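Structure below is structure_11.txt: compact mmCIF, N, CA and C atoms.
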# COMPACT_ATOMS: atom_id res chain seq x y z
N MET A 1 0.84 -1.18 0.00
CA MET A 1 0.00 0.00 0.00
C MET A 1 0.89 1.24 0.00
N ILE A 2 0.59 2.12 -0.90
CA ILE A 2 1.30 3.39 -1.05
C ILE A 2 0.26 4.49 -0.83
N GLN A 3 0.60 5.49 0.00
CA GLN A 3 -0.40 6.53 0.24
C GLN A 3 0.25 7.84 0.68
N LEU A 4 -0.25 8.93 0.10
CA LEU A 4 -0.01 10.28 0.60
C LEU A 4 -1.33 10.70 1.20
N THR A 5 -1.30 11.30 2.38
CA THR A 5 -2.55 11.65 3.06
C THR A 5 -2.40 12.93 3.85
N ARG A 6 -3.49 13.60 4.05
CA ARG A 6 -3.54 14.76 4.94
C ARG A 6 -4.14 14.37 6.29
N ASP A 7 -4.58 13.13 6.40
CA ASP A 7 -5.19 12.63 7.63
C ASP A 7 -4.14 12.01 8.54
N PRO A 8 -4.40 11.98 9.85
CA PRO A 8 -3.48 11.30 10.77
C PRO A 8 -3.27 9.84 10.36
N ILE A 9 -2.07 9.34 10.59
CA ILE A 9 -1.73 7.96 10.25
C ILE A 9 -2.12 7.07 11.42
N ASP A 10 -2.97 6.09 11.14
CA ASP A 10 -3.40 5.11 12.14
C ASP A 10 -2.40 3.96 12.11
N TYR A 11 -1.39 4.03 12.97
CA TYR A 11 -0.33 3.03 12.91
C TYR A 11 -0.76 1.66 13.41
N TYR A 12 -1.78 1.59 14.25
CA TYR A 12 -2.32 0.27 14.63
C TYR A 12 -2.95 -0.39 13.41
N GLN A 13 -3.79 0.34 12.70
CA GLN A 13 -4.42 -0.20 11.50
C GLN A 13 -3.37 -0.56 10.45
N LEU A 14 -2.36 0.26 10.32
CA LEU A 14 -1.28 0.02 9.37
C LEU A 14 -0.59 -1.31 9.67
N THR A 15 -0.28 -1.53 10.93
CA THR A 15 0.36 -2.78 11.34
C THR A 15 -0.54 -3.97 11.04
N GLU A 16 -1.81 -3.85 11.34
CA GLU A 16 -2.75 -4.94 11.06
C GLU A 16 -2.87 -5.22 9.57
N GLN A 17 -2.76 -4.19 8.74
CA GLN A 17 -2.88 -4.36 7.29
C GLN A 17 -1.75 -5.18 6.70
N VAL A 18 -0.58 -5.16 7.31
CA VAL A 18 0.55 -5.90 6.73
C VAL A 18 0.77 -7.28 7.36
N ARG A 19 0.03 -7.60 8.39
CA ARG A 19 0.18 -8.93 9.01
C ARG A 19 -0.25 -10.02 8.04
N ARG A 20 0.53 -11.10 8.00
CA ARG A 20 0.21 -12.26 7.16
C ARG A 20 0.50 -13.52 7.96
N ASP A 21 -0.28 -14.56 7.74
CA ASP A 21 -0.12 -15.81 8.49
C ASP A 21 1.25 -16.45 8.30
N HIS A 22 1.85 -16.29 7.13
CA HIS A 22 3.16 -16.90 6.87
C HIS A 22 4.33 -16.02 7.30
N CYS A 23 4.03 -14.88 7.91
CA CYS A 23 5.07 -13.95 8.35
C CYS A 23 5.09 -13.87 9.87
N GLY A 24 6.23 -14.20 10.44
CA GLY A 24 6.37 -14.15 11.88
C GLY A 24 6.86 -12.82 12.41
N ALA A 25 7.14 -11.88 11.51
CA ALA A 25 7.66 -10.58 11.94
C ALA A 25 6.93 -9.45 11.24
N VAL A 26 6.54 -8.46 12.03
CA VAL A 26 5.99 -7.21 11.50
C VAL A 26 6.80 -6.08 12.12
N ILE A 27 7.39 -5.27 11.27
CA ILE A 27 8.18 -4.14 11.72
C ILE A 27 7.50 -2.86 11.24
N ALA A 28 7.37 -1.90 12.13
CA ALA A 28 6.81 -0.61 11.75
C ALA A 28 7.77 0.50 12.16
N PHE A 29 8.01 1.42 11.25
CA PHE A 29 8.79 2.61 11.53
C PHE A 29 7.85 3.80 11.49
N LEU A 30 7.91 4.63 12.52
CA LEU A 30 7.12 5.86 12.57
C LEU A 30 8.06 7.04 12.69
N GLY A 31 7.99 7.95 11.75
CA GLY A 31 8.73 9.20 11.84
C GLY A 31 7.80 10.24 12.43
N THR A 32 8.23 10.90 13.50
CA THR A 32 7.38 11.88 14.17
C THR A 32 8.03 13.26 14.17
N VAL A 33 7.21 14.27 14.32
CA VAL A 33 7.70 15.65 14.37
C VAL A 33 8.31 15.87 15.75
N ARG A 34 9.59 16.19 15.76
CA ARG A 34 10.29 16.45 17.03
C ARG A 34 10.34 17.94 17.30
N ASP A 35 10.55 18.28 18.56
CA ASP A 35 10.54 19.69 18.94
C ASP A 35 11.89 20.38 18.80
N LEU A 36 12.94 19.64 18.55
CA LEU A 36 14.27 20.25 18.37
C LEU A 36 14.91 19.72 17.10
N THR A 37 15.48 20.62 16.33
CA THR A 37 16.31 20.25 15.18
C THR A 37 17.63 20.96 15.40
N GLY A 38 18.62 20.18 15.77
CA GLY A 38 19.87 20.81 16.19
C GLY A 38 19.60 21.55 17.49
N GLU A 39 19.87 22.84 17.49
CA GLU A 39 19.61 23.66 18.68
C GLU A 39 18.40 24.56 18.50
N ARG A 40 17.66 24.37 17.40
CA ARG A 40 16.50 25.23 17.13
C ARG A 40 15.22 24.53 17.56
N VAL A 41 14.31 25.31 18.12
CA VAL A 41 13.03 24.78 18.59
C VAL A 41 12.03 24.81 17.43
N THR A 42 11.50 23.64 17.11
CA THR A 42 10.51 23.49 16.05
C THR A 42 9.12 23.53 16.66
N VAL A 43 8.21 24.29 16.05
CA VAL A 43 6.83 24.33 16.53
C VAL A 43 5.88 23.54 15.63
N ALA A 44 6.27 23.38 14.36
CA ALA A 44 5.45 22.61 13.42
C ALA A 44 6.25 22.38 12.15
N LEU A 45 5.79 21.43 11.35
CA LEU A 45 6.36 21.18 10.02
C LEU A 45 5.23 21.24 9.00
N ASP A 46 5.55 21.74 7.82
CA ASP A 46 4.62 21.70 6.70
C ASP A 46 5.24 20.82 5.63
N TYR A 47 4.47 19.84 5.14
CA TYR A 47 4.96 18.94 4.09
C TYR A 47 4.19 19.18 2.80
N GLU A 48 4.94 19.20 1.69
CA GLU A 48 4.35 19.28 0.36
C GLU A 48 5.03 18.24 -0.51
N ALA A 49 4.32 17.80 -1.56
CA ALA A 49 4.87 16.78 -2.44
C ALA A 49 4.43 17.02 -3.87
N TYR A 50 5.22 16.54 -4.77
CA TYR A 50 4.82 16.40 -6.16
C TYR A 50 4.16 15.03 -6.18
N ALA A 51 2.83 15.00 -5.97
CA ALA A 51 2.10 13.77 -5.66
C ALA A 51 2.29 12.65 -6.68
N GLY A 52 2.12 12.92 -7.94
CA GLY A 52 2.24 11.87 -8.95
C GLY A 52 3.61 11.22 -8.93
N MET A 53 4.65 12.03 -8.88
CA MET A 53 6.01 11.51 -8.85
C MET A 53 6.30 10.84 -7.52
N ALA A 54 5.82 11.40 -6.42
CA ALA A 54 6.06 10.81 -5.10
C ALA A 54 5.46 9.40 -5.03
N GLU A 55 4.23 9.25 -5.49
CA GLU A 55 3.59 7.92 -5.46
C GLU A 55 4.32 6.94 -6.37
N LYS A 56 4.78 7.41 -7.53
CA LYS A 56 5.54 6.55 -8.44
C LYS A 56 6.83 6.07 -7.77
N LYS A 57 7.56 6.99 -7.14
CA LYS A 57 8.81 6.63 -6.46
C LYS A 57 8.55 5.70 -5.29
N MET A 58 7.47 5.93 -4.55
CA MET A 58 7.13 5.04 -3.44
C MET A 58 6.82 3.63 -3.95
N ALA A 59 6.13 3.52 -5.08
CA ALA A 59 5.83 2.22 -5.67
C ALA A 59 7.12 1.53 -6.12
N GLU A 60 8.06 2.29 -6.66
CA GLU A 60 9.35 1.73 -7.05
C GLU A 60 10.11 1.22 -5.83
N ILE A 61 10.04 1.95 -4.73
CA ILE A 61 10.71 1.52 -3.50
C ILE A 61 10.08 0.22 -3.00
N GLU A 62 8.76 0.13 -3.05
CA GLU A 62 8.10 -1.11 -2.63
C GLU A 62 8.55 -2.27 -3.51
N ALA A 63 8.56 -2.09 -4.82
CA ALA A 63 8.97 -3.16 -5.74
C ALA A 63 10.42 -3.56 -5.49
N ASP A 64 11.30 -2.58 -5.30
CA ASP A 64 12.70 -2.86 -5.04
C ASP A 64 12.87 -3.64 -3.73
N THR A 65 12.15 -3.22 -2.70
CA THR A 65 12.24 -3.91 -1.40
C THR A 65 11.75 -5.34 -1.53
N ARG A 66 10.64 -5.54 -2.21
CA ARG A 66 10.11 -6.88 -2.42
C ARG A 66 11.06 -7.77 -3.21
N SER A 67 11.85 -7.17 -4.10
CA SER A 67 12.80 -7.96 -4.89
C SER A 67 14.00 -8.41 -4.06
N ARG A 68 14.25 -7.75 -2.94
CA ARG A 68 15.42 -8.06 -2.10
C ARG A 68 15.11 -8.94 -0.89
N TRP A 69 13.88 -8.85 -0.38
CA TRP A 69 13.49 -9.59 0.82
C TRP A 69 12.15 -10.28 0.58
N PRO A 70 11.86 -11.35 1.35
CA PRO A 70 10.58 -12.07 1.19
C PRO A 70 9.44 -11.36 1.92
N VAL A 71 9.05 -10.22 1.39
CA VAL A 71 8.02 -9.38 2.01
C VAL A 71 6.65 -10.02 1.82
N GLY A 72 5.93 -10.17 2.93
CA GLY A 72 4.55 -10.63 2.85
C GLY A 72 3.63 -9.50 2.45
N ALA A 73 3.77 -8.38 3.14
CA ALA A 73 2.99 -7.18 2.84
C ALA A 73 3.80 -5.96 3.27
N MET A 74 3.44 -4.83 2.67
CA MET A 74 4.21 -3.62 2.94
C MET A 74 3.33 -2.40 2.77
N ALA A 75 3.58 -1.37 3.58
CA ALA A 75 2.85 -0.11 3.47
C ALA A 75 3.82 1.05 3.65
N LEU A 76 3.68 2.05 2.80
CA LEU A 76 4.44 3.30 2.91
C LEU A 76 3.44 4.44 2.86
N ILE A 77 3.42 5.24 3.92
CA ILE A 77 2.47 6.35 4.02
C ILE A 77 3.22 7.60 4.45
N HIS A 78 2.91 8.72 3.80
CA HIS A 78 3.50 9.99 4.21
C HIS A 78 2.40 11.03 4.33
N ARG A 79 2.44 11.80 5.40
CA ARG A 79 1.48 12.90 5.60
C ARG A 79 1.91 14.12 4.80
N LEU A 80 0.92 14.90 4.44
CA LEU A 80 1.13 16.20 3.81
C LEU A 80 0.38 17.24 4.63
N GLY A 81 0.77 18.49 4.47
CA GLY A 81 0.12 19.55 5.21
C GLY A 81 0.88 19.92 6.47
N ARG A 82 0.21 20.62 7.37
CA ARG A 82 0.84 21.09 8.61
C ARG A 82 0.72 20.03 9.70
N LEU A 83 1.85 19.72 10.33
CA LEU A 83 1.89 18.74 11.42
C LEU A 83 2.50 19.39 12.64
N GLU A 84 1.90 19.12 13.77
CA GLU A 84 2.39 19.65 15.05
C GLU A 84 3.39 18.68 15.67
N VAL A 85 4.14 19.16 16.65
CA VAL A 85 5.10 18.34 17.37
C VAL A 85 4.40 17.09 17.92
N GLY A 86 5.02 15.94 17.71
CA GLY A 86 4.49 14.67 18.20
C GLY A 86 3.67 13.90 17.18
N GLU A 87 3.21 14.56 16.11
CA GLU A 87 2.41 13.86 15.11
C GLU A 87 3.29 12.98 14.23
N VAL A 88 2.71 11.88 13.73
CA VAL A 88 3.42 10.96 12.84
C VAL A 88 3.38 11.53 11.43
N SER A 89 4.57 11.72 10.85
CA SER A 89 4.66 12.27 9.50
C SER A 89 4.85 11.21 8.43
N VAL A 90 5.47 10.10 8.78
CA VAL A 90 5.73 9.04 7.82
C VAL A 90 5.69 7.69 8.55
N ALA A 91 5.19 6.68 7.84
CA ALA A 91 5.15 5.34 8.42
C ALA A 91 5.49 4.31 7.35
N VAL A 92 6.29 3.34 7.74
CA VAL A 92 6.60 2.19 6.89
C VAL A 92 6.35 0.95 7.73
N ALA A 93 5.60 0.02 7.19
CA ALA A 93 5.35 -1.25 7.87
C ALA A 93 5.64 -2.38 6.90
N VAL A 94 6.30 -3.41 7.41
CA VAL A 94 6.71 -4.54 6.58
C VAL A 94 6.51 -5.83 7.36
N SER A 95 5.98 -6.84 6.68
CA SER A 95 5.95 -8.17 7.28
C SER A 95 6.82 -9.11 6.44
N CYS A 96 7.54 -9.98 7.13
CA CYS A 96 8.41 -10.98 6.50
C CYS A 96 8.35 -12.24 7.37
N PRO A 97 8.80 -13.37 6.83
CA PRO A 97 8.80 -14.59 7.63
C PRO A 97 9.64 -14.48 8.91
N HIS A 98 10.76 -13.73 8.87
CA HIS A 98 11.66 -13.66 10.02
C HIS A 98 12.03 -12.22 10.34
N ARG A 99 12.40 -11.94 11.60
CA ARG A 99 12.64 -10.57 12.06
C ARG A 99 13.82 -9.89 11.39
N GLY A 100 14.90 -10.61 11.15
CA GLY A 100 16.08 -9.97 10.55
C GLY A 100 15.77 -9.36 9.20
N GLU A 101 15.10 -10.15 8.37
CA GLU A 101 14.76 -9.64 7.04
C GLU A 101 13.70 -8.53 7.11
N ALA A 102 12.80 -8.61 8.08
CA ALA A 102 11.80 -7.56 8.23
C ALA A 102 12.45 -6.24 8.65
N PHE A 103 13.40 -6.30 9.60
CA PHE A 103 14.12 -5.09 10.00
C PHE A 103 14.89 -4.50 8.81
N GLU A 104 15.61 -5.35 8.07
CA GLU A 104 16.39 -4.89 6.93
C GLU A 104 15.50 -4.26 5.86
N ALA A 105 14.39 -4.91 5.55
CA ALA A 105 13.48 -4.41 4.52
C ALA A 105 12.88 -3.06 4.93
N CYS A 106 12.48 -2.94 6.17
CA CYS A 106 11.88 -1.70 6.66
C CYS A 106 12.91 -0.56 6.62
N ARG A 107 14.11 -0.84 7.08
CA ARG A 107 15.15 0.20 7.07
C ARG A 107 15.47 0.64 5.64
N HIS A 108 15.58 -0.33 4.75
CA HIS A 108 15.84 -0.01 3.34
C HIS A 108 14.74 0.89 2.79
N ALA A 109 13.49 0.54 3.06
CA ALA A 109 12.36 1.30 2.51
C ALA A 109 12.34 2.74 3.03
N ILE A 110 12.52 2.96 4.33
CA ILE A 110 12.47 4.33 4.85
C ILE A 110 13.68 5.12 4.37
N ASP A 111 14.85 4.50 4.32
CA ASP A 111 16.04 5.21 3.84
C ASP A 111 15.86 5.64 2.39
N ARG A 112 15.34 4.76 1.54
CA ARG A 112 15.12 5.09 0.13
C ARG A 112 14.02 6.14 -0.02
N LEU A 113 12.98 6.05 0.80
CA LEU A 113 11.90 7.03 0.74
C LEU A 113 12.45 8.43 1.00
N LYS A 114 13.25 8.56 2.04
CA LYS A 114 13.80 9.88 2.39
C LYS A 114 14.78 10.37 1.33
N GLU A 115 15.44 9.44 0.64
CA GLU A 115 16.42 9.80 -0.37
C GLU A 115 15.79 10.17 -1.72
N LEU A 116 14.76 9.45 -2.14
CA LEU A 116 14.27 9.53 -3.51
C LEU A 116 12.93 10.23 -3.73
N VAL A 117 12.08 10.25 -2.73
CA VAL A 117 10.71 10.71 -2.94
C VAL A 117 10.63 12.23 -2.84
N PRO A 118 10.03 12.88 -3.86
CA PRO A 118 9.96 14.35 -3.86
C PRO A 118 8.90 14.88 -2.89
N ILE A 119 9.29 14.87 -1.62
CA ILE A 119 8.48 15.44 -0.54
C ILE A 119 9.39 16.44 0.17
N TRP A 120 8.86 17.64 0.38
CA TRP A 120 9.64 18.68 1.04
C TRP A 120 8.97 19.09 2.33
N LYS A 121 9.80 19.53 3.26
CA LYS A 121 9.22 20.00 4.51
C LYS A 121 9.71 21.41 4.81
N LYS A 122 8.81 22.16 5.44
CA LYS A 122 9.16 23.50 5.90
C LYS A 122 9.20 23.46 7.42
N GLU A 123 10.37 23.78 7.94
CA GLU A 123 10.55 23.89 9.39
C GLU A 123 9.97 25.22 9.83
N ASN A 124 9.12 25.19 10.84
CA ASN A 124 8.56 26.40 11.44
C ASN A 124 9.18 26.52 12.83
N TRP A 125 10.06 27.51 12.99
CA TRP A 125 10.82 27.68 14.23
C TRP A 125 10.06 28.55 15.24
N SER A 126 10.44 28.40 16.49
CA SER A 126 9.79 29.14 17.57
C SER A 126 10.01 30.65 17.48
N ASP A 127 11.06 31.08 16.76
CA ASP A 127 11.31 32.51 16.62
C ASP A 127 10.53 33.13 15.46
N GLY A 128 9.67 32.33 14.82
CA GLY A 128 8.84 32.83 13.73
C GLY A 128 9.43 32.66 12.35
N THR A 129 10.68 32.23 12.25
CA THR A 129 11.30 32.01 10.95
C THR A 129 10.95 30.62 10.43
N THR A 130 11.13 30.45 9.13
CA THR A 130 10.85 29.16 8.49
C THR A 130 11.97 28.83 7.51
N GLU A 131 12.06 27.55 7.16
CA GLU A 131 13.06 27.11 6.19
C GLU A 131 12.56 25.85 5.50
N TRP A 132 12.55 25.85 4.15
CA TRP A 132 12.20 24.66 3.38
C TRP A 132 13.45 23.79 3.24
N VAL A 133 13.29 22.50 3.50
CA VAL A 133 14.40 21.55 3.34
C VAL A 133 13.87 20.26 2.74
N HIS A 134 14.72 19.58 1.98
CA HIS A 134 14.37 18.24 1.51
C HIS A 134 14.69 17.31 2.67
N PRO A 135 13.82 16.30 2.93
CA PRO A 135 14.02 15.44 4.10
C PRO A 135 15.39 14.78 4.20
N THR A 136 16.09 14.54 3.10
CA THR A 136 17.40 13.92 3.21
C THR A 136 18.41 14.83 3.90
N ALA A 137 18.09 16.10 3.99
CA ALA A 137 19.00 17.05 4.64
C ALA A 137 18.98 16.92 6.15
N THR A 138 17.97 16.20 6.71
CA THR A 138 17.87 16.11 8.16
C THR A 138 17.84 14.67 8.61
Re-express the file's structure as structure tokens.
Amino acid sequence: MIQLTRDPIDYYQLTEQVRRDHCGAVIAFLGTVRDLTGERVTVALDYEAYAGMAEKKMAEIEADTRSRWPVGAMALIHRLGRLEVGEVSVAVAVSCPHRGEAFEACRHAIDRLKELVPIWKKENWSDGTTEWVHPTAT
């Protein structure tokens, strides 16, 4: 499952969606908005994407991950819009027969997502300033 959404990510439902009877491991990664970036206080993040290209790249990441590990099911979801501190901005869930391969597949998927998918974030600092950055920069 590939999804860009403006709605909160239901990580319990996400985990349940990737569970499979032949898979003994389900790994979920949740990226959340933190209140500090370096020494600067973050109050919120704004995410924007080139949706068509982002979904295409996410589908390529899923296919690549499936070609490397015995993935039972997989989900990649990224939020768009304004997110407050503590909210989940990105989630990757993977099921595999064994934990080692599930951890590896999940890490590969989130690393590639942050590297390849055209999603940008704007840091909103406590001093009122803002800065657009590509997620690979942080």
DSSP helix (DSSP H, G or I) residues within range 20-123 of chain A, as a PyMOL selection string = chain A and resi 51-68+99-116
request  = Pick out the residues sitting within 6 Å of Met74 in chain A, and hand them over as a VMD selection string; count only C-alpha atoms, and ignore anything fewer than 5 positions along from it in its own chain.
outcome  = chain A and resid 18 93 to 94
inquiry  = Between atom C of Ala105 in chain A and CA of Phe29 in chain A, what is the distance in Å, rounded to a tenth?
reply    =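 Those two atoms sit 9.6 Å apart.
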Separation of CA of Glu123 in chain A from CA of Asp46 in chain A, in Å and rounded to one decimal = 6.9 Å
Which of A:Arg68, A:Ala49, A:Val92, A:Lys56 sits closest to Tyr12 in chain A [using only C-alpha atoms] =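 Result for the nearest residue to Tyr12 in chain A: A:Val92.
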inquiry  = Quick check for you: according to DSSP on this backbone, which residues of chain A are classed as strand (DSSP E or B)? Reply as a VMD selection string.
reply    = chain A and resid 2 to 5 25 to 32 36 to 37 40 to 49 73 to 79 81 to 84 88 to 96 119 to 125 130 to 133
key: Straight-line distance linking CA of Thr130 in chain A with CA of Thr37 in chain A, stated in Å to one decimal   =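 Distance reported for this atom pair: 12.4 Å.
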For Ala25 in chain A, the nearest of the candidates A:Glu84, A:Glu115, A:Glu131, A:Glu104, counting only C-alpha atoms =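 Between A:Glu84, A:Glu115, A:Glu131, A:Glu104, the residue approaching Ala25 in chain A most closely is A:Glu104.
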ask   = Using only C-alpha atoms, which residue out of A:Val71, A:Val117, A:Ala44, A:Ala59 lies closest to Arg99 in chain A?
value =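 For Arg99 in chain A, the nearest of the candidates is A:Val71.
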request  = Show which residues sit within 6.5 Å of Glu48 in chain A, as a ChimeraX atom specification. Count all atoms listed in the file, and ignore same-chain residues fewer than 3 positions away.
outcome  = /A:80-81,118-122
Nearest candidate to Gln3 in chain A (options A:Arg40, A:Arg19, A:Arg79, A:His98; using all atoms listed in the file) = A:Arg79
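Proximity of A:Gln13, A:Ser126, A:Thr65, A:Thr32 to Cys106 in chain A, computed with only C-alpha atoms, is greatest for A:Thr65.
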Selection: 8 Å around Ala102 in chain A, all atoms listed in the file, excl. self and same-chain fewer than 6 positions, as an NGL selection string = :A and (25-28 or 69-71 or 94-96 or 108)
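For the choices A:Leu30, A:Ala63, A:Met58, A:Ile110, the atom-to-atom distance to Val90 in chain A is smallest for A:Leu30 when using all atoms listed in the file.
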